[in-house]
>>> print(open('work.txt').read())   # compact mmCIF, C-alpha atoms and all ligand atoms
# COMPACT_ATOMS: atom_id res chain seq x y z
CA MET A 117 21.05 -21.10 70.21
CA HIS A 118 18.93 -22.80 67.59
CA HIS A 119 18.78 -19.45 65.81
CA ALA A 120 22.56 -19.04 65.76
CA VAL A 121 22.98 -22.45 64.11
CA ARG A 122 20.45 -21.60 61.42
CA LEU A 123 22.15 -18.32 60.65
CA SER A 124 25.49 -20.00 60.03
CA MET A 125 23.94 -22.47 57.56
CA ARG A 126 25.11 -22.10 54.01
CA GLU A 127 22.14 -21.94 51.63
CA LEU A 128 22.97 -23.67 48.40
CA SER A 129 21.42 -24.56 45.08
CA LEU A 130 22.36 -28.02 43.86
CA TYR A 131 22.40 -29.20 40.26
CA ILE A 132 22.70 -32.93 39.59
CA HIS A 133 23.71 -33.94 36.07
CA VAL A 134 22.44 -37.38 35.02
CA PRO A 135 24.22 -37.96 31.70
CA PHE A 136 22.23 -40.91 30.29
CA CYS A 137 19.94 -40.90 27.25
CA THR A 138 18.17 -43.72 25.45
CA ARG A 139 18.83 -42.09 22.06
CA ARG A 140 20.20 -38.92 20.57
CA CYS A 141 18.03 -35.90 19.67
CA SER A 142 18.95 -34.29 16.32
CA TYR A 143 20.05 -31.01 17.92
CA CYS A 144 22.01 -32.44 20.83
CA SER A 145 25.34 -30.92 21.79
CA PHE A 146 25.13 -31.77 25.50
CA TYR A 147 27.34 -34.23 27.29
CA HIS A 148 25.54 -37.57 27.47
CA VAL A 149 26.13 -41.33 27.08
CA PRO A 150 23.80 -44.25 26.21
CA SER A 151 21.56 -45.44 29.02
CA GLU A 152 22.66 -48.77 30.51
CA THR A 153 21.65 -50.22 33.89
CA GLU A 154 25.15 -51.23 35.06
CA ARG A 155 26.66 -47.87 34.10
CA GLU A 156 23.84 -46.08 35.87
CA ARG A 157 24.55 -48.03 39.03
CA SER A 158 28.28 -47.13 38.89
CA PHE A 159 27.33 -43.53 38.18
CA VAL A 160 25.11 -43.32 41.27
CA ASP A 161 27.89 -44.95 43.38
CA ALA A 162 30.23 -42.17 42.27
CA LEU A 163 27.55 -39.48 42.59
CA VAL A 164 26.69 -40.41 46.17
CA SER A 165 30.37 -40.24 47.11
CA GLU A 166 30.72 -36.86 45.38
CA ILE A 167 27.65 -35.48 47.18
CA ASP A 168 29.02 -36.68 50.54
CA ALA A 169 32.47 -35.16 49.96
CA ALA A 170 31.39 -31.92 48.30
CA LEU A 171 28.68 -31.08 50.83
CA ALA A 172 30.83 -32.10 53.80
CA GLU A 173 33.46 -29.64 52.58
CA LEU A 174 30.89 -26.82 52.61
CA ALA A 175 29.10 -27.85 55.83
CA PRO A 176 26.86 -26.82 57.42
CA VAL A 177 24.75 -26.73 54.27
CA SER A 178 21.02 -26.34 53.76
CA LEU A 179 19.84 -27.00 50.21
CA ARG A 180 17.45 -24.30 49.04
CA THR A 181 16.86 -25.67 45.54
CA ILE A 182 17.69 -28.94 43.79
CA PHE A 183 17.50 -29.41 40.03
CA VAL A 184 18.10 -32.82 38.50
CA GLY A 185 18.79 -32.47 34.77
CA GLY A 186 20.64 -34.18 31.98
CA GLY A 187 20.71 -36.11 29.88
CA THR A 188 17.57 -37.89 30.94
CA PRO A 189 17.21 -38.28 34.72
CA THR A 190 13.96 -40.23 34.31
CA VAL A 191 15.85 -43.25 32.87
CA LEU A 192 17.20 -44.02 36.36
CA ALA A 193 15.74 -46.97 38.26
CA HIS A 194 13.76 -46.26 41.43
CA SER A 195 16.50 -47.87 43.52
CA GLU A 196 19.06 -45.39 42.08
CA TRP A 197 16.80 -42.44 42.91
CA GLU A 198 16.43 -43.75 46.45
CA ARG A 199 20.20 -43.96 46.92
CA MET A 200 20.63 -40.45 45.54
CA ILE A 201 17.96 -39.00 47.83
CA ALA A 202 19.37 -40.82 50.86
CA ALA A 203 22.68 -39.02 50.24
CA LEU A 204 20.86 -35.67 49.99
CA GLN A 205 18.53 -36.21 52.94
CA PRO A 206 20.79 -34.75 55.65
CA PHE A 207 20.90 -31.47 53.69
CA MET A 208 17.23 -31.37 52.67
CA ARG A 209 15.55 -31.10 56.05
CA ASP A 210 15.04 -27.35 56.45
CA GLY A 211 14.47 -24.75 53.87
CA LEU A 212 14.26 -26.81 50.67
CA GLU A 213 11.99 -24.60 48.60
CA GLU A 214 12.17 -26.11 45.13
CA PHE A 215 13.06 -29.59 43.91
CA THR A 216 12.79 -29.93 40.13
CA VAL A 217 13.31 -33.00 37.96
CA GLU A 218 13.61 -32.82 34.18
CA MET A 219 11.29 -35.45 32.76
CA ASN A 220 11.28 -37.13 29.39
CA PRO A 221 7.66 -37.59 28.22
CA GLU A 222 8.36 -41.17 27.11
CA ASP A 223 9.43 -42.18 30.63
CA VAL A 224 6.49 -40.58 32.43
CA ASP A 225 3.80 -42.77 33.94
CA ALA A 226 1.61 -42.62 37.05
CA ASN A 227 4.00 -44.86 38.95
CA LEU A 228 7.07 -42.69 38.28
CA VAL A 229 5.42 -39.37 39.15
CA ARG A 230 3.94 -40.73 42.38
CA PHE A 231 7.35 -42.14 43.29
CA LEU A 232 9.20 -38.88 42.59
CA HIS A 233 6.58 -36.84 44.44
CA GLY A 234 7.06 -39.15 47.42
CA LEU A 235 10.79 -38.39 47.38
CA GLY A 236 10.10 -34.67 47.79
CA VAL A 237 10.10 -33.50 44.15
CA ASN A 238 7.77 -30.50 43.95
CA ARG A 239 8.32 -29.24 40.41
CA ALA A 240 8.43 -31.00 37.02
CA SER A 241 10.13 -29.77 33.88
CA LEU A 242 8.82 -31.67 30.89
CA GLY A 243 10.82 -31.80 27.63
CA ILE A 244 7.97 -31.24 25.17
CA GLN A 245 9.87 -29.36 22.38
CA SER A 246 7.01 -29.33 19.83
CA MET A 247 3.45 -30.55 19.43
CA HIS A 248 3.88 -30.91 15.68
CA PRO A 249 4.21 -34.53 14.43
CA VAL A 250 6.70 -33.75 11.64
CA GLY A 251 8.61 -31.35 13.90
CA GLN A 252 9.00 -34.01 16.57
CA LYS A 253 10.23 -36.51 13.94
CA VAL A 254 12.82 -34.03 12.67
CA LEU A 255 14.00 -33.44 16.23
CA LYS A 256 14.02 -37.22 16.88
CA ARG A 257 11.65 -36.75 19.80
CA CYS A 258 8.47 -38.62 20.73
CA ASP A 259 5.14 -38.15 18.91
CA PRO A 260 2.71 -35.45 20.15
CA ALA A 261 0.30 -38.08 21.54
CA THR A 262 3.05 -39.21 23.95
CA ASN A 263 3.61 -35.57 24.93
CA ARG A 264 -0.11 -35.10 25.62
CA ARG A 265 -0.31 -38.23 27.75
CA ALA A 266 2.80 -37.21 29.74
CA ILE A 267 1.42 -33.70 30.31
CA ASP A 268 -1.81 -35.09 31.74
CA VAL A 269 0.03 -37.50 34.04
CA VAL A 270 2.50 -34.87 35.28
CA MET A 271 -0.13 -32.18 35.77
CA GLY A 272 -2.26 -34.63 37.70
CA GLU A 273 0.59 -34.86 40.22
CA TRP A 274 2.05 -31.34 40.44
CA ASP A 275 0.80 -27.80 40.14
CA ASN A 276 4.24 -26.33 39.45
CA VAL A 277 5.02 -27.66 35.97
CA SER A 278 7.25 -26.25 33.24
CA PHE A 279 7.38 -27.19 29.54
CA ASP A 280 10.45 -26.87 27.32
CA ILE A 281 9.76 -25.64 23.78
CA LEU A 282 12.07 -25.28 20.77
CA LEU A 283 11.87 -22.50 18.19
CA GLY A 284 12.78 -22.77 14.51
CA VAL A 285 12.11 -26.50 14.15
CA PRO A 286 12.91 -27.50 10.52
CA LYS A 287 9.99 -28.59 8.33
CA THR A 288 7.51 -26.60 10.44
CA VAL A 289 6.28 -23.02 9.99
CA ARG A 290 5.48 -20.13 12.33
CA ALA A 291 1.83 -21.12 12.55
CA ASP A 292 2.88 -24.56 13.85
CA LEU A 293 4.74 -22.96 16.74
CA VAL A 294 1.71 -20.83 17.57
CA GLU A 295 -0.40 -24.00 17.53
CA THR A 296 2.09 -25.74 19.86
CA LEU A 297 1.81 -22.80 22.28
CA ARG A 298 -1.98 -22.79 22.03
CA ILE A 299 -2.18 -26.51 22.88
CA LEU A 300 0.28 -26.16 25.74
CA LEU A 301 -1.36 -23.06 27.22
CA GLY A 302 -4.62 -25.01 27.21
CA LYS A 303 -2.97 -27.41 29.69
CA GLY A 304 -2.33 -24.63 32.23
CA PRO A 305 1.45 -24.73 32.81
CA LYS A 306 2.97 -22.37 35.36
CA HIS A 307 6.25 -21.98 33.49
CA LEU A 308 7.66 -22.26 29.96
CA SER A 309 11.31 -22.40 28.87
CA VAL A 310 11.68 -21.49 25.22
CA TYR A 311 14.93 -22.04 23.35
CA GLY A 312 15.80 -21.05 19.81
CA LEU A 313 17.69 -23.70 17.85
CA GLU A 314 21.11 -22.18 17.43
CA ALA A 315 24.21 -23.78 15.94
CA GLY A 316 27.06 -23.91 18.46
CA GLY A 317 30.83 -23.94 17.94
CA ASP A 318 31.74 -27.60 18.09
CA MET A 319 29.34 -29.43 15.81
CA ALA A 320 30.01 -32.23 13.40
CA GLY A 321 28.29 -34.83 11.24
CA GLU A 322 24.57 -35.24 11.71
CA VAL A 323 24.19 -32.39 14.21
CA GLU A 324 25.95 -30.02 11.84
CA ARG A 325 23.71 -31.17 8.97
CA PHE A 326 20.62 -30.70 11.15
CA PHE A 327 21.53 -27.10 11.91
CA ARG A 328 21.99 -26.30 8.22
CA ALA A 329 18.19 -26.68 7.94
CA VAL A 330 17.52 -24.18 10.75
CA ASP A 331 16.56 -20.68 9.60
CA PRO A 332 17.78 -18.04 12.13
CA ASP A 333 15.23 -15.49 10.85
CA ARG A 334 12.37 -17.84 11.61
CA VAL A 335 13.85 -18.54 15.07
CA ALA A 336 13.76 -14.76 15.68
CA ASP A 337 10.20 -14.39 14.35
CA GLU A 338 8.99 -17.28 16.48
CA TYR A 339 10.72 -15.81 19.54
CA LEU A 340 8.83 -12.54 19.14
CA ASP A 341 5.57 -14.42 18.47
CA THR A 342 6.14 -16.38 21.70
CA CYS A 343 6.93 -13.27 23.74
CA SER A 344 3.75 -11.48 22.69
CA LEU A 345 1.54 -14.56 22.99
CA LEU A 346 2.78 -15.38 26.48
CA ALA A 347 2.62 -11.75 27.64
CA GLY A 348 -1.01 -11.72 26.46
CA ALA A 349 -1.63 -14.93 28.44
CA GLY A 350 -0.36 -13.32 31.67
CA PHE A 351 3.15 -14.77 31.87
CA ASP A 352 6.10 -12.75 33.22
CA HIS A 353 9.04 -12.82 30.82
CA TYR A 354 11.55 -13.03 33.64
CA GLU A 355 14.62 -14.13 31.68
CA VAL A 356 15.57 -14.30 27.98
CA SER A 357 14.27 -17.88 27.61
CA ASN A 358 11.96 -18.19 30.62
CA PHE A 359 8.35 -17.25 31.22
CA ALA A 360 6.33 -17.83 34.39
CA ARG A 361 2.95 -17.14 35.90
CA PRO A 362 3.37 -14.61 38.73
CA GLY A 363 5.02 -16.36 41.67
CA PHE A 364 6.28 -19.30 39.61
CA ALA A 365 9.67 -18.13 38.36
CA SER A 366 12.14 -20.95 38.99
CA LEU A 367 14.07 -20.28 42.19
CA HIS A 368 16.85 -22.54 40.97
CA ASN A 369 17.26 -20.64 37.69
CA ARG A 370 17.13 -17.33 39.52
CA ALA A 371 19.98 -18.46 41.77
CA TYR A 372 22.25 -18.63 38.68
CA TRP A 373 21.26 -15.24 37.35
CA ASP A 374 21.28 -13.51 40.73
CA GLY A 375 24.85 -14.67 41.35
CA ARG A 376 23.97 -16.94 44.29
CA GLU A 377 26.09 -19.97 45.13
CA TYR A 378 25.39 -23.20 43.29
CA LEU A 379 27.08 -26.56 43.31
CA GLY A 380 26.91 -28.90 40.32
CA VAL A 381 27.57 -32.63 40.78
CA GLY A 382 27.97 -35.30 38.11
CA PRO A 383 30.13 -35.25 34.97
CA ALA A 384 30.29 -31.89 33.13
CA ALA A 385 28.42 -30.04 35.91
CA HIS A 386 29.38 -26.40 36.60
CA SER A 387 29.61 -24.71 40.01
CA MET A 388 30.03 -21.30 41.58
CA VAL A 389 30.87 -21.54 45.24
CA GLY A 390 32.62 -19.00 47.46
CA GLY A 391 33.16 -16.69 44.47
CA ARG A 392 35.00 -19.43 42.58
CA ARG A 393 33.88 -21.15 39.41
CA PHE A 394 34.72 -24.73 38.57
CA LEU A 395 33.41 -27.65 36.55
CA ASN A 396 33.62 -31.42 36.55
CA GLU A 397 35.38 -33.16 33.71
CA PRO A 398 32.89 -34.18 30.97
CA SER A 399 33.78 -37.87 31.13
CA LEU A 400 31.64 -40.59 32.70
CA ASP A 401 34.57 -43.07 32.66
CA ALA A 402 36.75 -40.72 34.67
CA TYR A 403 33.82 -39.85 36.94
CA VAL A 404 32.88 -43.39 37.93
CA ALA A 405 36.52 -44.17 38.78
CA ARG A 406 36.62 -41.42 41.44
CA ARG A 407 35.51 -41.58 45.04
CA GLY A 408 34.88 -38.93 47.68
CA SER A 409 37.51 -36.23 47.88
CA GLU A 410 38.99 -37.33 44.52
CA HIS A 411 35.97 -35.62 42.95
CA VAL A 412 36.79 -32.39 44.75
CA ALA A 413 40.47 -32.63 43.79
CA ALA A 414 39.66 -33.28 40.11
CA ARG A 415 37.61 -30.09 39.61
CA ILE A 416 38.66 -27.87 36.74
CA HIS A 417 38.87 -24.31 38.08
CA ASP A 418 38.03 -21.29 36.01
CA ASP A 419 39.03 -18.25 38.00
CA GLY A 420 39.54 -15.95 35.03
CA GLY A 421 37.03 -13.34 33.97
CA ASP A 422 35.69 -10.16 35.46
CA HIS A 423 33.06 -11.14 38.04
CA LYS A 424 31.44 -7.70 38.17
CA LEU A 425 31.04 -7.66 34.41
CA GLU A 426 29.68 -11.22 34.40
CA ALA A 427 27.15 -10.33 37.09
CA ALA A 428 25.92 -7.37 35.02
CA MET A 429 25.70 -9.55 31.91
CA LEU A 430 23.63 -12.11 33.79
CA ALA A 431 21.35 -9.42 35.26
CA LEU A 432 20.73 -8.05 31.76
CA ARG A 433 19.35 -11.48 30.79
CA THR A 434 16.60 -10.96 33.37
CA ASN A 435 13.75 -8.55 34.01
CA GLN A 436 15.73 -7.18 37.00
CA GLY A 437 18.00 -5.41 34.54
CA ILE A 438 20.89 -3.25 35.76
CA ALA A 439 21.29 0.23 37.24
CA ARG A 440 21.39 3.05 34.71
CA ASP A 441 24.78 4.23 36.00
CA GLN A 442 26.32 0.91 34.90
CA CYS A 443 25.53 1.79 31.29
CA ASP A 444 27.27 3.86 28.68
CA ALA A 445 24.85 6.82 28.29
CA THR A 446 25.33 7.26 24.52
CA VAL A 447 24.90 3.56 23.76
CA LEU A 448 21.85 3.43 26.04
CA GLU A 449 20.22 6.32 24.21
CA GLU A 450 20.84 4.60 20.88
CA LEU A 451 19.44 1.26 22.09
CA VAL A 452 16.33 2.90 23.58
CA GLY A 453 15.85 4.77 20.27
CA GLU A 454 16.04 1.48 18.36
CA GLY A 455 13.59 -0.21 20.74
CA LEU A 456 16.20 -2.67 22.02
CA ALA A 457 16.33 -1.41 25.62
CA SER A 458 14.13 0.51 28.04
CA ALA A 459 15.08 2.73 30.99
CA HIS A 460 12.60 3.28 33.84
CA ASP A 461 13.15 4.11 37.51
CA ASP A 462 16.91 4.11 36.97
CA ARG A 463 16.84 0.48 35.82
CA VAL A 464 17.80 -0.56 32.33
CA ARG A 465 16.23 -3.66 30.80
CA LEU A 466 16.40 -5.17 27.35
CA THR A 467 13.22 -5.49 25.31
CA ASP A 468 12.17 -8.73 23.57
CA ARG A 469 13.91 -7.49 20.41
CA GLY A 470 16.92 -6.55 22.53
CA TYR A 471 17.13 -10.12 23.87
CA LEU A 472 17.42 -11.35 20.29
CA VAL A 473 20.69 -9.43 19.87
CA LEU A 474 21.79 -9.75 23.49
CA ASN A 475 25.32 -10.88 22.74
CA ASP A 476 25.91 -8.08 20.25
CA ILE A 477 24.82 -5.24 22.49
CA VAL A 478 25.63 -6.23 26.03
CA LEU A 479 29.31 -5.28 26.04
CA LYS A 480 28.62 -2.02 24.23
CA LEU A 481 25.95 -1.12 26.76
CA LEU A 482 27.99 -1.85 29.86
CA SER A 483 30.45 0.94 30.35
CA VAL A 484 33.40 -1.27 31.16
CA THR A 485 35.79 0.71 33.30
CA PRO A 486 39.30 -0.68 33.72
CA CYS A 487 40.11 -1.41 37.38
S1 LIG A 501 17.69 -35.66 25.90
FE1 LIG A 501 19.06 -33.88 25.93
S2 LIG A 501 21.11 -34.73 26.33
FE2 LIG A 501 19.79 -36.45 25.68
S3 LIG A 501 20.13 -36.63 23.47
FE3 LIG A 501 18.33 -35.30 23.77
S4 LIG A 501 19.14 -33.19 23.81
FE4 LIG A 501 20.86 -34.62 24.12
>>> encode(input="work.txt", output="structure tokens")
Amino acid sequence: MHHAVRLSMRELSLYIHVPFCTRRCSYCSFYHVPSETERERSFVDALVSEIDAALAELAPVSLRTIFVGGGTPTVLAHSEWERMIAALQPFMRDGLEEFTVEMNPEDVDANLVRFLHGLGVNRASLGIQSMHPVGQKVLKRCDPATNRRAIDVVMGEWDNVSFDILLGVPKTVRADLVETLRILLGKGPKHLSVYGLEAGGDMAGEVERFFRAVDPDRVADEYLDTCSLLAGAGFDHYEVSNFARPGFASLHNRAYWDGREYLGVGPAAHSMVGGRRFLNEPSLDAYVARRGSEHVAARIHDDGGDHKLEAAMLALRTNQGIARDQCDATVLEELVGEGLASAHDDRVRLTDRGYLVLNDIVLKLLSVTPC
């Protein structure tokens, strides 16, 4: 009987978006609002009611992974974390394999990490970005000494730690990125997420000015430097931007790319549940005014798109790749000839250089057959 109940459980990955930041990084185009104690309390009130309603709707649910990101989740007071975890507790009992919190180095101290560990957090993702003093100033991030201190505190608490790194930081050079990697590798992380600074569609003012100083060719060079350095250091390049020691690929990230179900809660969070995609409105004001099922009713659904094609596009971002028969044979031959893709054992994967031009080649490679 016990077995039958377990089998009917819905395994889910949960993303919690905490949209508060104490200040704005130069490159930021993510939804966030200034940190403020009262607002954070109202946010957690609304979040707890969304968690209750959204998980009740999907019951019985067993959370397999939780990822708390932002924004800056580590600005929240301990009491807010406790309320959040109390709401999650009924769904965390069995089978929770990975519980990650994104941590801002400036917020990290022994007290915070011990507290989060006690709540069940078993993985830390630390927003390092760069170990170069001028680079960090340009990015409007903390100084490298603060990064070093945070790394030591976090690594004293957890084994499973990831660092975020940015490529193409203005006023630094390639050798500075290599130095950042050398310092970080010396700390023994299990995972690195590496993002190239890339101008997006909707930028204005300061952010737009910041991106004018970013050189896309240097981003590309630094990406290839990173790939070869980390391969040499024994990391698996398991997704375009993600590298892990064997056995330490993020289960939460993999859930997205493998097309598993995930629920996002909090303003601007995206979900894919029961084959349907939806997102929450990117507005904290609207969010805090809602309770319970109003959150579910207010979701913005996005049911367009070709799910099979999207799944193949996601798989091509990873080292799983796709089956050879999903590819256009002529295009594949060309890409292999140019060193942008490889084909072994009937699987097609992109190379590091292929990942750099992912968006340009992916649709050409997939032989899209009309239904
Ligand atoms: S921490 Fe993230 S969300 Fe906040 S300002 Fe910086 S880049 Fe933006």
>>> atom_distance(input="work.txt", atom1="atom CA of A:Asp292", atom2="atom CA of A:Arg361")
23.3 Å
>>> residues_around(input="work.txt", residues="A:Leu282", least_positions_apart="2", cutoff="10 Å", atoms="all atoms listed in the file", output="count of residues only")
18
>>> axis_aligned_box(input="work.txt", around="stretch 460-466 of chain A", padding_each_side="6 Å", output="lines of an AutoDock Vina configuration file")
center_x = 15.2
center_y = -0.5
center_z = 32.4
size_x = 17.2
size_y = 21.3
size_z = 22.2
>>> residues_around(input="work.txt", residues="A:Asp225", least_positions_apart="2", cutoff="12 Å", atoms="all atoms listed in the file", output="list in words")
Thr190, Met219, Asn220, Pro221, Glu222, Asp223, Asn227, Leu228, Val229, Arg230, Phe231, Leu232, Thr262, Asn263, Arg264, Arg265, Ala266, Ile267, Asp268, Val269, Val270, Met271, Gly272 and Glu273 of chain A
>>> closest_atom_pairs(input="work.txt", of="chain A", to="ligand LIG 501 (chain A)", cutoff="9 Å", atoms="only C-alpha atoms and all ligand atoms", output="JSON lines")
{"residue": "A:Pro135", "atom": "CA", "partner": "A:LIG501", "partner_atom": "S2", "distance": 7.0}
{"residue": "A:Phe136", "atom": "CA", "partner": "A:LIG501", "partner_atom": "FE2", "distance": 6.9}
{"residue": "A:Cys137", "atom": "CA", "partner": "A:LIG501", "partner_atom": "FE2", "distance": 4.7}
{"residue": "A:Thr138", "atom": "CA", "partner": "A:LIG501", "partner_atom": "FE2", "distance": 7.5}
{"residue": "A:Arg139", "atom": "CA", "partner": "A:LIG501", "partner_atom": "S3", "distance": 5.8}
{"residue": "A:Arg140", "atom": "CA", "partner": "A:LIG501", "partner_atom": "S3", "distance": 3.7}
{"residue": "A:Cys141", "atom": "CA", "partner": "A:LIG501", "partner_atom": "FE3", "distance": 4.2}
{"residue": "A:Ser142", "atom": "CA", "partner": "A:LIG501", "partner_atom": "FE3", "distance": 7.5}
{"residue": "A:Tyr143", "atom": "CA", "partner": "A:LIG501", "partner_atom": "S4", "distance": 6.3}
{"residue": "A:Cys144", "atom": "CA", "partner": "A:LIG501", "partner_atom": "FE4", "distance": 4.1}
{"residue": "A:Ser145", "atom": "CA", "partner": "A:LIG501", "partner_atom": "FE4", "distance": 6.3}
{"residue": "A:Phe146", "atom": "CA", "partner": "A:LIG501", "partner_atom": "S2", "distance": 5.1}
{"residue": "A:Tyr147", "atom": "CA", "partner": "A:LIG501", "partner_atom": "S2", "distance": 6.3}
{"residue": "A:His148", "atom": "CA", "partner": "A:LIG501", "partner_atom": "S2", "distance": 5.4}
{"residue": "A:Val149", "atom": "CA", "partner": "A:LIG501", "partner_atom": "FE2", "distance": 8.1}
{"residue": "A:Pro150", "atom": "CA", "partner": "A:LIG501", "partner_atom": "FE2", "distance": 8.8}
{"residue": "A:Gly185", "atom": "CA", "partner": "A:LIG501", "partner_atom": "FE1", "distance": 9.0}
{"residue": "A:Gly186", "atom": "CA", "partner": "A:LIG501", "partner_atom": "S2", "distance": 5.7}
{"residue": "A:Gly187", "atom": "CA", "partner": "A:LIG501", "partner_atom": "S2", "distance": 3.8}
{"residue": "A:Thr188", "atom": "CA", "partner": "A:LIG501", "partner_atom": "S1", "distance": 5.5}
{"residue": "A:Asn220", "atom": "CA", "partner": "A:LIG501", "partner_atom": "S1", "distance": 7.4}
{"residue": "A:Gly243", "atom": "CA", "partner": "A:LIG501", "partner_atom": "S1", "distance": 8.1}
{"residue": "A:Leu255", "atom": "CA", "partner": "A:LIG501", "partner_atom": "FE3", "distance": 8.9}
{"residue": "A:Lys256", "atom": "CA", "partner": "A:LIG501", "partner_atom": "FE3", "distance": 8.4}
{"residue": "A:Arg257", "atom": "CA", "partner": "A:LIG501", "partner_atom": "FE3", "distance": 7.9}
>>> residues_around(input="work.txt", residues="A:Gly470", least_positions_apart="5", cutoff="10 Å", atoms="only C-alpha atoms", output="tab-separated table (two decimals) with C-alpha atoms, in the frame of the given file")
chain	number	residue	atom	x	y	z
A	356	VAL	CA	15.57	-14.30	27.98
A	433	ARG	CA	19.35	-11.48	30.79
A	451	LEU	CA	19.44	1.26	22.09
A	452	VAL	CA	16.33	2.90	23.58
A	454	GLU	CA	16.04	1.48	18.36
A	455	GLY	CA	13.59	-0.21	20.74
A	456	LEU	CA	16.20	-2.67	22.02
A	457	ALA	CA	16.33	-1.41	25.62
A	458	SER	CA	14.13	0.51	28.04
A	465	ARG	CA	16.23	-3.66	30.80
A	475	ASN	CA	25.32	-10.88	22.74
A	476	ASP	CA	25.91	-8.08	20.25
A	477	ILE	CA	24.82	-5.24	22.49
A	478	VAL	CA	25.63	-6.23	26.03
>>> atom_distance(input="work.txt", atom1="atom CA of A:Asp374", atom2="atom CA of A:Gly408")
29.7 Å
>>> residues_around(input="work.txt", residues="A:Ser366", least_positions_apart="5", cutoff="9 Å", atoms="all atoms listed in the file", output="list in words")
Glu214, His307, Asn358, Ala360 and Ala371 of chain A
>>> write_last_selection(input="work.txt", atoms="C-alpha atoms", output="PDB file, keeping the file's coordinate frame")
ATOM      1  CA  GLU A 214      12.170 -26.110  45.130  1.00  0.00           C
ATOM      2  CA  HIS A 307       6.250 -21.980  33.490  1.00  0.00           C
ATOM      3  CA  ASN A 358      11.960 -18.190  30.620  1.00  0.00           C
ATOM      4  CA  ALA A 360       6.330 -17.830  34.390  1.00  0.00           C
ATOM      5  CA  ALA A 371      19.980 -18.460  41.770  1.00  0.00           C
TER       6      ALA A 371
END
>>> closest_atom_pairs(input="work.txt", of="stretch 395-450 of chain A", to="stretch 160-169 of chain A", cutoff="6 Å", atoms="all atoms listed in the file", output="JSON lines")
{"residue": "A:Val404", "atom": "CA", "partner": "A:Ala162", "partner_atom": "CA", "distance": 5.2}
{"residue": "A:Arg407", "atom": "CA", "partner": "A:Ser165", "partner_atom": "CA", "distance": 5.7}
{"residue": "A:Gly408", "atom": "CA", "partner": "A:Ser165", "partner_atom": "CA", "distance": 4.7}
{"residue": "A:Ser409", "atom": "CA", "partner": "A:Ala169", "partner_atom": "CA", "distance": 5.6}
{"residue": "A:His411", "atom": "CA", "partner": "A:Glu166", "partner_atom": "CA", "distance": 5.9}
>>> write_last_selection(input="work.txt", atoms="C-alpha atoms", output="tab-separated table (two decimals), in the coordinates of the input")
chain	number	residue	atom	x	y	z
A	404	VAL	CA	32.88	-43.39	37.93
A	407	ARG	CA	35.51	-41.58	45.04
A	408	GLY	CA	34.88	-38.93	47.68
A	409	SER	CA	37.51	-36.23	47.88
A	411	HIS	CA	35.97	-35.62	42.95
>>> closest_residue(input="work.txt", among="A:Val184, A:Leu179, A:Ala336, A:Ala349", to="A:Val381", atoms="all atoms listed in the file")
A:Val184
>>> build_atoms(input="work.txt", residues="stretch 208-219 of chain A", atoms="N, CA and C atoms", output="PDB file, keeping the file's coordinate frame")
ATOM      1  N   MET A 208      18.529 -31.763  53.231  1.00  0.00           N
ATOM      2  CA  MET A 208      17.230 -31.370  52.670  1.00  0.00           C
ATOM      3  C   MET A 208      16.209 -31.024  53.750  1.00  0.00           C
ATOM      4  N   ARG A 209      16.575 -31.167  55.012  1.00  0.00           N
ATOM      5  CA  ARG A 209      15.550 -31.100  56.050  1.00  0.00           C
ATOM      6  C   ARG A 209      14.848 -29.750  56.124  1.00  0.00           C
ATOM      7  N   ASP A 210      15.640 -28.680  56.322  1.00  0.00           N
ATOM      8  CA  ASP A 210      15.040 -27.350  56.450  1.00  0.00           C
ATOM      9  C   ASP A 210      15.224 -26.575  55.169  1.00  0.00           C
ATOM     10  N   GLY A 211      14.251 -25.812  54.853  1.00  0.00           N
ATOM     11  CA  GLY A 211      14.470 -24.750  53.870  1.00  0.00           C
ATOM     12  C   GLY A 211      14.519 -25.173  52.419  1.00  0.00           C
ATOM     13  N   LEU A 212      14.261 -26.446  52.088  1.00  0.00           N
ATOM     14  CA  LEU A 212      14.260 -26.810  50.670  1.00  0.00           C
ATOM     15  C   LEU A 212      12.984 -26.269  50.032  1.00  0.00           C
ATOM     16  N   GLU A 213      13.165 -25.292  49.143  1.00  0.00           N
ATOM     17  CA  GLU A 213      11.990 -24.600  48.600  1.00  0.00           C
ATOM     18  C   GLU A 213      11.555 -25.169  47.253  1.00  0.00           C
ATOM     19  N   GLU A 214      12.523 -25.661  46.488  1.00  0.00           N
ATOM     20  CA  GLU A 214      12.170 -26.110  45.130  1.00  0.00           C
ATOM     21  C   GLU A 214      13.020 -27.330  44.782  1.00  0.00           C
ATOM     22  N   PHE A 215      12.361 -28.371  44.295  1.00  0.00           N
ATOM     23  CA  PHE A 215      13.060 -29.590  43.910  1.00  0.00           C
ATOM     24  C   PHE A 215      12.487 -30.006  42.548  1.00  0.00           C
ATOM     25  N   THR A 216      13.266 -29.708  41.497  1.00  0.00           N
ATOM     26  CA  THR A 216      12.790 -29.930  40.130  1.00  0.00           C
ATOM     27  C   THR A 216      13.463 -31.157  39.522  1.00  0.00           C
ATOM     28  N   VAL A 217      12.710 -31.933  38.771  1.00  0.00           N
ATOM     29  CA  VAL A 217      13.310 -33.000  37.960  1.00  0.00           C
ATOM     30  C   VAL A 217      12.898 -32.786  36.502  1.00  0.00           C
ATOM     31  N   GLU A 218      13.887 -32.849  35.617  1.00  0.00           N
ATOM     32  CA  GLU A 218      13.610 -32.820  34.180  1.00  0.00           C
ATOM     33  C   GLU A 218      13.057 -34.180  33.780  1.00  0.00           C
ATOM     34  N   MET A 219      11.930 -34.168  33.090  1.00  0.00           N
ATOM     35  CA  MET A 219      11.290 -35.450  32.760  1.00  0.00           C
ATOM     36  C   MET A 219      11.137 -35.602  31.249  1.00  0.00           C
TER      37      MET A 219
END
